[in-house]
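Structure first, then comments.
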Amino acid sequence: MSRTLFPAIQPAAVQAETPLPLCREIAWDFAKNIPIFQDGKPLEVTGLEAVKVWIWKALHTARYQYEAYTWDYGNELESLIGSDFSDELKQSEAIRYVKEALEICPYIERVEQVKVNFEDSTFTISCKVQTIYGEVEL
């Protein structure tokens, strides 16, 4: 019986890719920033509309601040508030933070044309998001 320091390692079996379940979220009133209820129950949306709700929530949730969410969820845009970075660096970082926050979602294929506008004490974000259900502009 021969013994070796390096055991034979079998490659992991390739697992078939399982399809994603239909994306489901609670309908959201974006203007009021509240969930939508119908007959006392939260209204559910699916597909592209559900991904839009997920995006909205991810961009309005600070990362690392809430125990209810994993550290993968949310964004780090608040770290730019009060920073001494140049406007160009703030824009670059904001674009990176937006992409990182959204591309973690398995229903999102890519985030494109991210534009950030800093004006006074607020900033606005616009982007085009390609999902498995189609494209959405925010």
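Residues are named by chain letter and number: chains run A, B, ... in the order of the structure tokens, numbers start at 1 in each chain, and ligands are numbered from 1 in the order shown.
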
Inset, instruction - Extract the full set of helix (DSSP H, G or I) residues from chain A according to DSSP on the backbone, and format it as a ChimeraX atom specification. - result: /A:47-59,77-80,87-103

Inset, instruction - Write down as a ChimeraX atom specification the residues belonging to segment 4-138 of chain A that are assigned strand (DSSP E) by DSSP computed on the backbone. - result: /A:24-26,28-29,34-35,37-38,41-42,44-46,108-119,122-131,134-137

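Taking atom CA of Ile108 of chain A and atom CA of Thr18 of chain A as the two end points, the separation is 16.2 Å.
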
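Between atom CA of Tyr97 of chain A and atom CA of Tyr73 of chain A the interatomic distance comes to 11.5 Å.
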
Inset, instruction - Pick out the residues sitting within 8 Å of segment 26-43 of chain A, and hand them over as a ChimeraX atom specification; count only C-alpha atoms, and ignore anything fewer than 3 positions along from it in its own chain. - result: /A:50,53,56

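The neighbours of Arg110 of chain A here are the residues that come within 10 Å of it, using only C-alpha atoms and leaving out any residue fewer than 2 positions away in the same chain; they are Lys99, Leu102, Glu103, Ile104, Cys105, Tyr107, Ile108, Glu112, Lys128, Val129, Gln130, Thr131, Ile132 and Glu135 of chain A.
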
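With only C-alpha atoms as the atoms that count, the residue of A:Thr46, A:Phe118, A:Cys23, A:Leu59 with the shortest distance to Ile81 of chain A is A:Phe118.
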
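The coordinates place atom CA of Glu88 of chain A at 25.7 Å from atom CA of Asp72 of chain A.
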